[in-house]
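Content type mmCIF, C-alpha atoms, from the file start_32.cif:
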```
data_structure
loop_
_atom_site.label_atom_id
_atom_site.label_comp_id
_atom_site.auth_asym_id
_atom_site.auth_seq_id
_atom_site.Cartn_x
_atom_site.Cartn_y
_atom_site.Cartn_z
CA MET L 1 -20.52 -20.76 13.01
CA SER L 2 -18.35 -23.82 12.89
CA GLY L 3 -15.20 -25.27 11.35
CA SER L 4 -16.35 -27.72 8.71
CA LEU L 5 -13.21 -29.53 7.59
CA ARG L 6 -10.75 -31.68 9.51
CA PRO L 7 -7.23 -30.29 10.01
CA ARG L 8 -4.36 -31.68 7.97
CA ALA L 9 -0.72 -30.76 7.53
CA SER L 10 0.08 -28.23 4.82
CA GLY L 11 3.41 -27.12 3.38
CA TRP L 12 4.00 -23.45 2.82
CA ARG L 13 6.15 -21.96 0.09
CA ARG L 14 7.77 -18.55 0.34
CA ALA L 15 7.03 -16.18 -2.53
CA ALA L 16 7.55 -12.54 -3.39
CA THR L 17 5.52 -10.05 -5.42
CA VAL L 18 6.43 -6.59 -6.67
CA VAL L 19 3.71 -4.06 -7.50
CA LEU L 20 5.06 -1.82 -10.26
CA ALA L 21 3.48 1.65 -10.17
CA ALA L 22 4.67 3.87 -13.03
CA GLY L 23 4.19 7.56 -13.59
CA TRP L 24 2.09 8.21 -16.67
CA THR L 25 3.01 11.46 -18.34
CA ARG L 26 3.33 9.84 -21.75
CA PRO L 27 2.43 6.55 -23.47
CA SER L 28 4.37 3.44 -22.54
CA PRO L 29 7.38 2.88 -24.81
CA ALA L 30 6.77 0.21 -27.39
CA ALA L 31 8.76 -3.01 -27.29
CA PRO L 32 9.25 -4.19 -30.90
CA PRO L 33 8.40 -6.53 -32.50
CA LEU L 34 5.20 -6.68 -30.46
CA PRO L 35 2.29 -4.65 -31.90
CA PRO L 36 1.69 -1.39 -30.04
CA LEU L 37 -0.96 -1.43 -27.35
CA PRO L 38 -4.10 0.66 -27.91
CA PRO L 39 -3.75 4.17 -26.47
CA LEU L 40 -4.87 4.64 -22.90
CA PRO L 41 -6.91 7.61 -21.73
CA PRO L 42 -5.01 10.41 -20.01
CA LEU L 43 -4.69 10.46 -16.23
CA PRO L 44 -4.77 13.46 -13.92
CA ALA L 45 -1.41 15.17 -13.54
CA GLY L 46 0.94 13.02 -11.50
CA GLY L 47 -1.19 9.91 -11.93
CA PHE L 48 0.14 6.37 -12.15
CA ARG L 49 -0.74 2.98 -13.54
CA LEU L 50 -0.04 -0.53 -12.29
CA LEU L 51 1.41 -3.40 -14.29
CA LEU L 52 -0.93 -6.39 -14.44
CA LEU L 53 0.14 -9.66 -16.03
CA GLN L 54 -2.32 -12.28 -17.24
CA ARG L 55 -1.33 -15.79 -16.30
CA CYS L 56 -1.59 -18.60 -18.85
CA GLN L 57 -4.77 -20.67 -18.64
CA ASP L 58 -2.83 -23.91 -18.08
CA GLN L 59 -1.12 -22.63 -14.92
CA GLY L 60 -1.88 -24.69 -11.84
CA PHE L 61 -2.34 -21.64 -9.61
CA LEU L 62 -4.69 -18.77 -10.54
CA PRO L 63 -5.03 -19.77 -14.23
CA GLY L 64 -6.00 -16.83 -16.43
CA ALA L 65 -5.88 -14.35 -13.55
CA HIS L 66 -4.28 -10.91 -13.74
CA VAL L 67 -1.55 -10.60 -11.14
CA PHE L 68 1.42 -8.48 -10.17
CA PRO L 69 4.86 -9.83 -11.15
CA GLY L 70 6.13 -12.40 -8.68
CA GLY L 71 6.69 -16.03 -7.87
CA VAL L 72 8.14 -18.64 -5.57
CA GLN L 73 11.52 -18.06 -3.98
CA ASP L 74 14.38 -20.23 -5.15
CA ALA L 75 17.45 -21.21 -3.17
CA ALA L 76 19.48 -19.18 -5.70
CA ASP L 77 17.78 -15.99 -4.48
CA ARG L 78 19.58 -16.23 -1.12
CA SER L 79 22.85 -17.74 -2.31
CA ALA L 80 26.15 -16.62 -0.79
CA ASP L 81 27.32 -15.88 -4.35
CA TRP L 82 25.32 -12.64 -4.23
CA LEU L 83 27.67 -11.27 -1.58
CA ARG L 84 30.51 -10.70 -4.01
CA LEU L 85 28.21 -8.87 -6.43
CA PHE L 86 26.93 -6.47 -3.77
CA ALA L 87 30.46 -5.96 -2.37
CA PRO L 88 32.25 -3.75 -1.63
CA HIS L 89 29.57 -1.07 -1.49
CA HIS L 90 26.82 -3.08 0.19
CA GLY L 91 26.88 -6.08 2.46
CA PRO L 92 25.53 -7.70 5.63
CA PRO L 93 23.59 -7.19 7.67
CA ARG L 94 21.33 -4.71 5.83
CA PHE L 95 22.92 -4.20 2.37
CA GLY L 96 22.13 -0.49 2.51
CA LEU L 97 18.47 -1.00 3.36
CA ARG L 98 16.90 0.85 6.26
CA PRO L 99 16.95 -0.94 9.66
CA ALA L 100 14.86 -4.08 9.80
CA ARG L 101 11.27 -3.56 10.84
CA PRO L 102 9.59 -5.62 13.54
CA PRO L 103 8.38 -8.87 11.93
CA PRO L 104 4.62 -9.36 11.66
CA ARG L 105 3.14 -11.27 14.57
CA PRO L 106 2.74 -14.90 13.42
CA PHE L 107 -0.63 -16.59 13.21
CA PRO L 108 -0.86 -19.29 15.91
CA GLY L 109 0.20 -22.69 14.64
CA LEU L 110 2.31 -21.52 11.73
CA PRO L 111 5.73 -23.22 11.60
CA ASP L 112 7.75 -20.05 12.29
CA ALA L 113 7.52 -16.28 12.52
CA ASP L 114 7.47 -15.98 8.73
CA GLY L 115 4.81 -18.64 8.42
CA ALA L 116 6.85 -20.67 5.94
CA ALA L 117 9.47 -22.86 7.54
CA ALA L 118 8.63 -25.58 5.04
CA ALA L 119 9.08 -23.22 2.11
CA GLN L 120 12.75 -23.86 1.43
CA PRO L 121 14.08 -26.81 -0.63
CA ASP L 122 15.16 -29.79 1.46
CA ASP L 123 18.74 -29.56 0.19
CA ALA L 124 19.03 -25.77 0.43
CA ALA L 125 22.18 -24.40 2.03
CA PRO L 126 21.89 -21.98 4.94
CA ALA L 127 20.77 -18.56 3.78
CA ALA L 128 23.55 -16.04 3.09
CA LEU L 129 21.14 -13.15 2.56
CA PRO L 130 18.61 -11.86 5.09
CA ASP L 131 15.07 -12.97 4.36
CA ASP L 132 13.92 -9.51 3.24
CA VAL L 133 16.92 -9.13 0.88
CA ALA L 134 16.39 -12.61 -0.61
CA ALA L 135 12.70 -11.84 -1.10
CA ARG L 136 13.60 -8.67 -3.01
CA VAL L 137 16.05 -10.57 -5.21
CA CYS L 138 13.27 -13.08 -5.93
CA ALA L 139 10.80 -10.33 -6.88
CA VAL L 140 13.33 -8.66 -9.18
CA ARG L 141 14.14 -11.99 -10.85
CA GLU L 142 10.47 -12.80 -11.36
CA ALA L 143 9.77 -9.37 -12.88
CA PHE L 144 12.51 -10.15 -15.39
CA GLU L 145 11.37 -13.71 -16.12
CA GLU L 146 7.67 -12.88 -16.50
CA ALA L 147 7.71 -9.37 -17.96
CA GLY L 148 11.25 -8.75 -19.23
CA VAL L 149 11.57 -5.79 -16.83
CA LEU L 150 15.07 -5.27 -15.40
CA LEU L 151 14.90 -3.70 -11.96
CA LEU L 152 18.67 -3.41 -11.78
CA ARG L 153 21.15 -0.73 -10.72
CA PRO L 154 24.78 -0.38 -11.89
CA ARG L 155 27.18 -1.68 -9.27
CA GLY L 156 28.48 1.04 -7.03
CA ALA L 157 25.78 3.51 -8.02
CA PRO L 158 24.18 4.97 -4.90
CA PRO L 159 20.51 4.12 -4.41
CA ALA L 160 18.16 6.84 -5.60
CA ALA L 161 17.67 9.30 -2.75
CA ARG L 162 13.96 10.12 -2.68
CA GLU L 163 13.04 9.83 -6.35
CA PRO L 164 11.13 7.05 -8.12
CA ALA L 165 13.36 4.45 -9.74
CA ARG L 166 13.93 3.64 -13.40
CA ALA L 167 14.13 0.18 -14.92
CA LEU L 168 17.32 -0.65 -16.79
CA PRO L 169 16.86 -0.35 -20.59
CA PRO L 170 16.82 -3.86 -22.10
CA PRO L 171 20.16 -4.68 -23.76
CA PRO L 172 20.42 -6.79 -26.96
CA GLY L 173 20.11 -10.53 -26.49
CA LEU L 174 17.89 -10.27 -23.44
CA ASP L 175 15.33 -12.83 -24.63
CA ALA L 176 17.95 -15.58 -24.72
CA TRP L 177 19.07 -14.70 -21.21
CA ARG L 178 15.48 -14.72 -19.98
CA GLU L 179 14.90 -18.24 -21.27
CA ARG L 180 18.09 -19.43 -19.59
CA VAL L 181 17.11 -17.84 -16.27
CA ARG L 182 13.63 -19.36 -16.47
CA ARG L 183 15.23 -22.79 -16.75
CA ASP L 184 17.85 -22.14 -14.06
CA PRO L 185 17.30 -19.25 -11.60
CA ARG L 186 20.99 -19.40 -10.62
CA LEU L 187 21.81 -17.77 -13.95
CA PHE L 188 20.13 -14.53 -12.91
CA LEU L 189 23.27 -13.79 -10.92
CA SER L 190 25.34 -14.46 -14.04
CA LEU L 191 23.20 -12.00 -16.02
CA CYS L 192 23.70 -9.34 -13.34
CA GLU L 193 27.45 -9.96 -13.48
CA GLN L 194 27.41 -9.59 -17.27
CA LEU L 195 25.59 -6.27 -16.96
CA ASP L 196 27.74 -5.20 -13.98
CA CYS L 197 24.57 -4.51 -12.03
CA THR L 198 22.87 -5.57 -8.83
CA PRO L 199 19.15 -6.10 -8.22
CA ASP L 200 17.77 -2.72 -7.22
CA ILE L 201 16.60 -3.97 -3.84
CA TRP L 202 16.51 -0.35 -2.58
CA ALA L 203 13.68 0.51 -5.00
CA LEU L 204 11.47 -2.23 -3.54
CA HIS L 205 9.63 -0.97 -0.47
CA ASP L 206 7.87 -3.12 2.11
CA TRP L 207 4.16 -3.10 1.35
CA GLY L 208 2.77 -6.02 3.36
CA GLY L 209 2.15 -9.69 2.80
CA TRP L 210 -0.50 -12.35 2.31
CA LEU L 211 -0.74 -15.99 3.28
CA THR L 212 -2.99 -18.21 1.19
CA PRO L 213 -6.21 -18.90 3.11
CA PHE L 214 -7.58 -22.40 3.45
CA THR L 215 -10.42 -23.03 1.03
CA ARG L 216 -10.16 -26.75 0.28
CA PRO L 217 -7.93 -29.69 1.19
CA GLY L 218 -4.79 -30.00 -0.91
CA GLY L 219 -4.75 -26.41 -2.14
CA ARG L 220 -1.44 -24.67 -2.68
CA ARG L 221 -0.35 -22.39 0.17
CA PHE L 222 2.03 -19.46 -0.17
CA ASP L 223 3.58 -16.98 2.23
CA THR L 224 4.01 -13.99 -0.07
CA SER L 225 5.86 -10.77 0.69
CA PHE L 226 4.50 -7.76 -1.22
CA PHE L 227 6.83 -4.96 -2.30
CA MET L 228 6.01 -1.63 -3.93
CA CYS L 229 8.25 -0.20 -6.63
CA CYS L 230 7.53 3.32 -7.91
CA LEU L 231 8.92 3.98 -11.38
CA SER L 232 9.21 7.42 -12.93
CA GLU L 233 8.02 6.02 -16.27
CA PRO L 234 6.66 2.70 -17.56
CA PRO L 235 9.34 0.36 -18.89
CA PRO L 236 8.86 -1.81 -21.98
CA VAL L 237 7.08 -5.04 -21.02
CA ARG L 238 7.40 -8.32 -22.88
CA PRO L 239 5.29 -11.21 -21.50
CA ASP L 240 7.27 -14.45 -21.57
CA GLY L 241 4.50 -16.20 -23.55
CA SER L 242 4.67 -19.24 -21.29
CA GLU L 243 3.65 -18.34 -17.76
CA VAL L 244 2.37 -14.89 -18.75
CA VAL L 245 0.46 -14.30 -22.00
CA ARG L 246 -0.65 -10.66 -21.81
CA CYS L 247 0.02 -7.47 -19.90
CA GLN L 248 -1.67 -4.15 -19.30
CA TRP L 249 -1.06 -0.91 -17.43
CA SER L 250 -4.12 0.22 -15.49
CA SER L 251 -4.85 2.83 -12.86
CA PRO L 252 -6.59 1.46 -9.75
CA SER L 253 -9.94 2.77 -10.99
CA GLU L 254 -9.39 1.34 -14.48
CA ALA L 255 -8.43 -2.06 -13.06
CA THR L 256 -11.51 -2.06 -10.82
CA GLU L 257 -13.79 -1.24 -13.72
CA SER L 258 -12.18 -3.88 -15.96
CA PHE L 259 -12.67 -6.47 -13.22
CA MET L 260 -16.33 -5.58 -12.72
CA LYS L 261 -16.90 -5.72 -16.50
CA LYS L 262 -15.37 -9.25 -16.50
CA GLU L 263 -12.55 -8.10 -18.76
CA ILE L 264 -9.95 -9.30 -16.27
CA CYS L 265 -9.92 -11.77 -13.39
CA LEU L 266 -8.43 -10.84 -10.00
CA ALA L 267 -7.80 -12.90 -6.89
CA PRO L 268 -8.99 -11.33 -3.62
CA PRO L 269 -5.51 -10.11 -2.50
CA GLN L 270 -4.92 -8.36 -5.84
CA PHE L 271 -8.35 -6.73 -5.72
CA TYR L 272 -7.75 -5.59 -2.14
CA GLU L 273 -4.33 -4.14 -3.00
CA ILE L 274 -5.70 -2.33 -6.04
CA ARG L 275 -8.38 -0.76 -3.86
CA ARG L 276 -5.69 0.22 -1.32
CA LEU L 277 -3.86 2.03 -4.08
CA ALA L 278 -7.03 3.90 -5.04
CA ASN L 279 -6.30 6.05 -1.97
CA PHE L 280 -3.47 7.74 -3.88
CA THR L 281 -4.02 10.34 -6.58
CA SER L 282 -0.38 10.75 -7.56
CA LEU L 283 2.80 8.73 -7.83
CA SER L 284 4.59 11.23 -5.61
CA ASP L 285 2.10 10.67 -2.78
CA LEU L 286 2.45 6.91 -3.10
CA HIS L 287 6.23 7.12 -3.19
CA LYS L 288 6.30 9.34 -0.12
CA VAL L 289 4.30 6.77 1.84
CA CYS L 290 6.67 4.06 0.64
CA LEU L 291 9.62 6.06 1.95
CA ASP L 292 8.12 7.31 5.20
CA GLY L 293 4.92 5.52 6.00
CA THR L 294 6.01 1.97 6.82
CA SER L 295 8.74 2.67 9.34
CA GLU L 296 6.71 1.32 12.26
CA GLY L 297 6.19 -2.16 10.86
CA ILE L 298 4.36 -4.09 8.17
CA GLU L 299 1.35 -6.36 8.22
CA LYS L 300 1.12 -9.86 6.82
CA TRP L 301 -2.30 -11.45 6.86
CA LEU L 302 -3.80 -14.91 6.77
CA PRO L 303 -7.44 -14.49 5.69
CA ILE L 304 -9.97 -16.86 7.23
CA THR L 305 -12.55 -18.26 4.84
CA PHE L 306 -16.13 -17.84 6.08
CA LEU L 307 -18.88 -19.54 4.05
CA THR L 308 -22.39 -18.11 4.30
CA ALA L 309 -25.55 -19.31 2.62
CA ASN L 310 -25.02 -17.13 -0.44
CA ALA L 311 -21.45 -15.75 -0.41
CA MET L 312 -17.86 -16.46 0.54
CA VAL L 313 -16.17 -14.06 2.93
CA GLN L 314 -12.47 -13.52 3.54
CA LEU L 315 -12.09 -12.30 7.11
CA LEU L 316 -9.00 -10.20 7.84
CA PRO L 317 -7.30 -9.28 11.14
CA GLY L 318 -9.27 -6.74 13.14
CA ASP L 319 -12.67 -7.97 11.96
CA GLU L 320 -14.94 -8.92 14.84
CA LEU L 321 -15.38 -12.44 13.43
CA TYR L 322 -11.66 -13.01 12.83
CA SER L 323 -10.20 -15.60 15.17
CA GLU L 324 -6.47 -16.16 15.63
CA ASP L 325 -7.02 -19.83 16.28
CA SER L 326 -4.85 -22.56 14.73
CA GLU L 327 -8.11 -24.37 13.99
CA TYR L 328 -8.54 -22.11 10.97
CA LEU L 329 -5.19 -22.90 9.40
CA GLU L 330 -6.88 -25.95 7.89
CA ASN L 331 -10.58 -25.21 8.36
CA VAL L 332 -13.23 -22.78 7.24
CA MET L 333 -15.91 -21.02 9.24
CA SER L 334 -19.47 -21.51 8.10
CA SER L 335 -22.97 -20.26 8.78
CA GLY L 336 -26.38 -21.04 7.37
CA LYS L 337 -27.26 -17.34 7.40
CA LYS L 338 -27.24 -15.14 4.32
CA ILE L 339 -24.50 -12.54 3.98
CA GLU L 340 -27.06 -9.74 4.25
CA ASP L 341 -28.04 -10.92 7.74
CA ILE L 342 -24.39 -11.42 8.76
CA MET L 343 -23.60 -7.86 7.70
CA LYS L 344 -26.52 -6.41 9.68
CA GLU L 345 -25.16 -8.07 12.82
CA SER L 346 -21.57 -6.83 12.31
CA LYS L 347 -20.04 -3.51 13.34
CA THR L 348 -16.25 -3.94 13.41
CA LEU L 349 -15.36 -4.92 9.88
CA HIS L 350 -12.30 -5.87 7.88
CA ARG L 351 -13.46 -8.31 5.25
CA LEU L 352 -13.88 -9.08 1.58
CA VAL L 353 -17.28 -10.40 0.50
CA LEU L 354 -17.08 -12.51 -2.65
CA HIS L 355 -20.55 -12.60 -4.25
CA SER L 356 -19.22 -14.11 -7.48
CA HIS L 357 -15.97 -14.35 -9.46
CA HIS L 358 -16.30 -10.69 -10.53
CA VAL L 359 -18.30 -9.09 -7.74
CA PHE L 360 -16.30 -8.34 -4.58
CA ASP L 361 -17.15 -5.98 -1.74
CA ILE L 362 -14.64 -4.61 0.75
CA HIS L 363 -15.76 -3.50 4.21
CA VAL L 364 -13.32 -1.64 6.48
CA THR L 365 -14.27 0.13 9.69
CA ILE L 366 -11.14 -0.58 11.75
CA GLN L 367 -8.37 1.92 12.46
CA SER L 368 -4.99 1.60 10.78
CA LYS L 369 -1.99 0.20 12.62
CA HIS L 370 1.68 0.89 11.81
CA LYS L 371 0.54 3.66 9.42
CA HIS L 372 -0.70 0.82 7.20
CA ILE L 373 -3.01 2.13 4.46
CA TYR L 374 -6.34 0.30 4.33
CA PRO L 375 -8.74 0.56 1.39
CA LYS L 376 -11.95 2.49 1.75
CA THR L 377 -15.16 0.50 1.96
CA PHE L 378 -16.15 -0.53 -1.56
CA VAL L 379 -19.62 -1.97 -2.15
CA VAL L 380 -20.91 -3.01 -5.55
CA SER L 381 -24.37 -1.75 -6.43
CA LYS L 382 -27.19 -4.27 -6.16
CA SER L 383 -27.82 -3.98 -9.90
CA ARG L 384 -24.53 -5.80 -10.53
CA LEU L 385 -25.37 -8.72 -8.22
#
```
Show the structure stored in the file as structure tokens.
Amino acid sequence: MSGSLRPRASGWRRAATVVLAAGWTRPSPAAPPLPPLPPLPPLPAGGFRLLLLQRCQDQGFLPGAHVFPGGVQDAADRSADWLRLFAPHHGPPRFGLRPARPPPRPFPGLPDADGAAAAQPDDAAPAALPDDVAARVCAVREAFEEAGVLLLRPRGAPPAAREPARALPPPPGLDAWRERVRRDPRLFLSLCEQLDCTPDIWALHDWGGWLTPFTRPGGRRFDTSFFMCCLSEPPPVRPDGSEVVRCQWSSPSEATESFMKKEICLAPPQFYEIRRLANFTSLSDLHKVCLDGTSEGIEKWLPITFLTANAMVQLLPGDELYSEDSEYLENVMSSGKKIEDIMKESKTLHRLVLHSHHVFDIHVTIQSKHKHIYPKTFVVSKSRL
């Protein structure tokens, strides 16, 4: 194995994603004037579905892919102006969130502990909000911009105790506000002021994080925090028609099947997270883990790209081939062997094997840390290769 590309400097941009998991006891409410979606098959009692948004084909990053709501952080997401909106009920240092968890251990060679020192605008003022609060504000804003979903809570209302959250019903005139916020993220604060609400940061639970692996020189690199938001029922969803063109609610098994049938396109992190969520049979179980299961810390991973003779592999921490070496910030591993031979030689596994754009395997034999939920091993039958 060897690194095959010369190192070069890369800038990282901070981003935030929110995975919306909604209880599914009845069909999703329609959002006129859009035509109603075709009916979905029933789920087992207590089941849930995930919101997937299809990106426009002309997007520079992941064109046409189905993703969770999210995007790049803006300086407005951490502005000091948010302090007066959260006051007097919530404020520094934790804004009513649980105590800060230990930060993930940084990959050697990254600019700082978050892996994204270069992510902020050059003229950005010092942050007024803690990083994890600003990331939640970003995720809430992006859910509104892309899907028209308002993850807001009336000011002064206590955060929901141990129940799934509810999105705010869309008020009249919301489309005009959404267009304004898309053009100027600072106006999201103005919208919250108009509605006398705050972003429901308490409904967004730490779920992990991903850093974009190196695959080719000049590729975009993101340090993305993932949050989980459990909703008691699916809110109306209205794709913005610009960045997002379609949406669908799918259970983890439905999303997996759609991906394998080439009905949707998923990036490796989204596929991995969907398979993680296949561990849960009910929204209540998922929500309980969100409340109790991440108190020991969260994991944020930088996959290492490993090219074999007939497949691409994304190596994850804990895998026996994974190397925390700054060499692989800007390089790939490579081998002339076929993936079948590599797999026969391996015992300690935490990797995604990408056979093609729609055929991914996941291999996990390592033990969980920090009560982090790993997906079960998922191998596609040879007939699909």
Give, as AutoDock Vina command-line options, the centre coordinates and the x, y and z edge lengths in Å to one decimal for an axis-aligned box around all listed atoms of stretch 211-224 of chain L, padded by 4 Å on each side.
```
--center_x -3.2 --center_y -22.0 --center_z 0.4 --size_x 22.4 --size_y 24.0 --size_z 14.1
```
Q.
Could you check the closest approach to L:Gly318 for each of L:Lys338, L:Arg78, L:His350, L:Arg162 and tell me which residue wins, using only C-alpha atoms?
A. L:His350
Q.
Running the PyMOL selection byres ((chain L and resi 233) around 6) on this model by hand, what would come out? Give it as a PyMOL selection string.
A. chain L and resi 22-23+231-232+234
When the PyMOL selection byres ((chain L and resi 142) around 10) is applied to the structure above, which residues does it catch, written out as a compact mmCIF listing (two decimals) with C-alpha atoms, keeping the file's coordinate frame?
```txt
# COMPACT_ATOMS: atom_id res chain seq x y z
CA ALA L 16 7.55 -12.54 -3.39
CA THR L 17 5.52 -10.05 -5.42
CA VAL L 18 6.43 -6.59 -6.67
CA PRO L 69 4.86 -9.83 -11.15
CA GLY L 70 6.13 -12.40 -8.68
CA GLY L 71 6.69 -16.03 -7.87
CA VAL L 72 8.14 -18.64 -5.57
CA GLN L 73 11.52 -18.06 -3.98
CA ARG L 136 13.60 -8.67 -3.01
CA VAL L 137 16.05 -10.57 -5.21
CA CYS L 138 13.27 -13.08 -5.93
CA ALA L 139 10.80 -10.33 -6.88
CA VAL L 140 13.33 -8.66 -9.18
CA ARG L 141 14.14 -11.99 -10.85
CA ALA L 143 9.77 -9.37 -12.88
CA PHE L 144 12.51 -10.15 -15.39
CA GLU L 145 11.37 -13.71 -16.12
CA GLU L 146 7.67 -12.88 -16.50
CA ALA L 147 7.71 -9.37 -17.96
CA GLY L 148 11.25 -8.75 -19.23
CA VAL L 149 11.57 -5.79 -16.83
CA LEU L 150 15.07 -5.27 -15.40
CA VAL L 181 17.11 -17.84 -16.27
CA ARG L 182 13.63 -19.36 -16.47
CA PRO L 185 17.30 -19.25 -11.60
CA PHE L 188 20.13 -14.53 -12.91
```
Q: Report the residues retrieved by the PyMOL selection byres ((chain L and resi 254) around 12) from the displayed file, expressed as a list in words.
A: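 Checking the PyMOL selection byres ((chain L and resi 254) around 12) against this file, the residues are Leu40, Pro41, Pro42, Leu43, Phe48, Arg49, Leu50, Leu51, Leu52, Gln248, Trp249, Ser250, Ser251, Pro252, Ser253, Ala255, Thr256, Glu257, Ser258, Phe259, Met260, Lys261, Glu263, Ile264, Phe271, Ile274, Arg275, Leu277 and Ala278 of chain L.
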Since fewer atoms than expected are present, regenerate all heavy atoms for stretch 88-94 of chain L and write them as a tab-separated table (two decimals), keeping the file's coordinate frame.
```
chain	number	residue	atom	x	y	z
L	88	PRO	N	31.95	-4.13	-3.03
L	88	PRO	CA	32.25	-3.75	-1.63
L	88	PRO	C	31.32	-2.67	-1.08
L	88	PRO	O	31.47	-2.26	0.05
L	88	PRO	CB	33.67	-3.22	-1.75
L	88	PRO	CG	33.68	-2.53	-3.08
L	88	PRO	CD	32.81	-3.38	-3.98
L	89	HIS	N	30.37	-2.22	-1.90
L	89	HIS	CA	29.57	-1.07	-1.49
L	89	HIS	C	28.44	-1.44	-0.53
L	89	HIS	O	28.01	-0.61	0.28
L	89	HIS	CB	29.00	-0.37	-2.73
L	89	HIS	CG	30.05	0.03	-3.72
L	89	HIS	ND1	30.87	1.12	-3.55
L	89	HIS	CD2	30.44	-0.54	-4.90
L	89	HIS	CE1	31.71	1.22	-4.57
L	89	HIS	NE2	31.46	0.23	-5.40
L	90	HIS	N	27.94	-2.67	-0.65
L	90	HIS	CA	26.82	-3.08	0.19
L	90	HIS	C	27.07	-4.50	0.67
L	90	HIS	O	27.58	-5.34	-0.06
L	90	HIS	CB	25.50	-3.02	-0.58
L	90	HIS	CG	25.21	-1.67	-1.17
L	90	HIS	ND1	24.86	-0.58	-0.41
L	90	HIS	CD2	25.25	-1.25	-2.46
L	90	HIS	CE1	24.68	0.46	-1.19
L	90	HIS	NE2	24.91	0.09	-2.44
L	91	GLY	N	26.67	-4.76	1.91
L	91	GLY	CA	26.88	-6.08	2.46
L	91	GLY	C	26.09	-6.27	3.74
L	91	GLY	O	25.28	-5.40	4.13
L	92	PRO	N	26.28	-7.40	4.40
L	92	PRO	CA	25.53	-7.70	5.63
L	92	PRO	C	25.78	-6.62	6.68
L	92	PRO	O	26.83	-5.99	6.68
L	92	PRO	CB	26.11	-9.06	6.05
L	92	PRO	CG	26.75	-9.62	4.82
L	92	PRO	CD	27.23	-8.45	4.05
L	93	PRO	N	24.84	-6.42	7.59
L	93	PRO	CA	23.59	-7.19	7.67
L	93	PRO	C	22.44	-6.61	6.85
L	93	PRO	O	21.48	-7.30	6.57
L	93	PRO	CB	23.26	-7.13	9.16
L	93	PRO	CG	23.78	-5.79	9.59
L	93	PRO	CD	25.05	-5.57	8.79
L	94	ARG	N	22.50	-5.32	6.43
L	94	ARG	CA	21.33	-4.71	5.83
L	94	ARG	C	21.51	-4.34	4.37
L	94	ARG	O	20.57	-3.90	3.72
L	94	ARG	CB	20.93	-3.44	6.61
L	94	ARG	CG	20.53	-3.69	8.04
L	94	ARG	CD	19.35	-4.64	8.15
L	94	ARG	NE	18.19	-4.15	7.43
L	94	ARG	CZ	17.29	-4.95	6.87
L	94	ARG	NH1	17.43	-6.27	6.91
L	94	ARG	NH2	16.24	-4.45	6.25
```
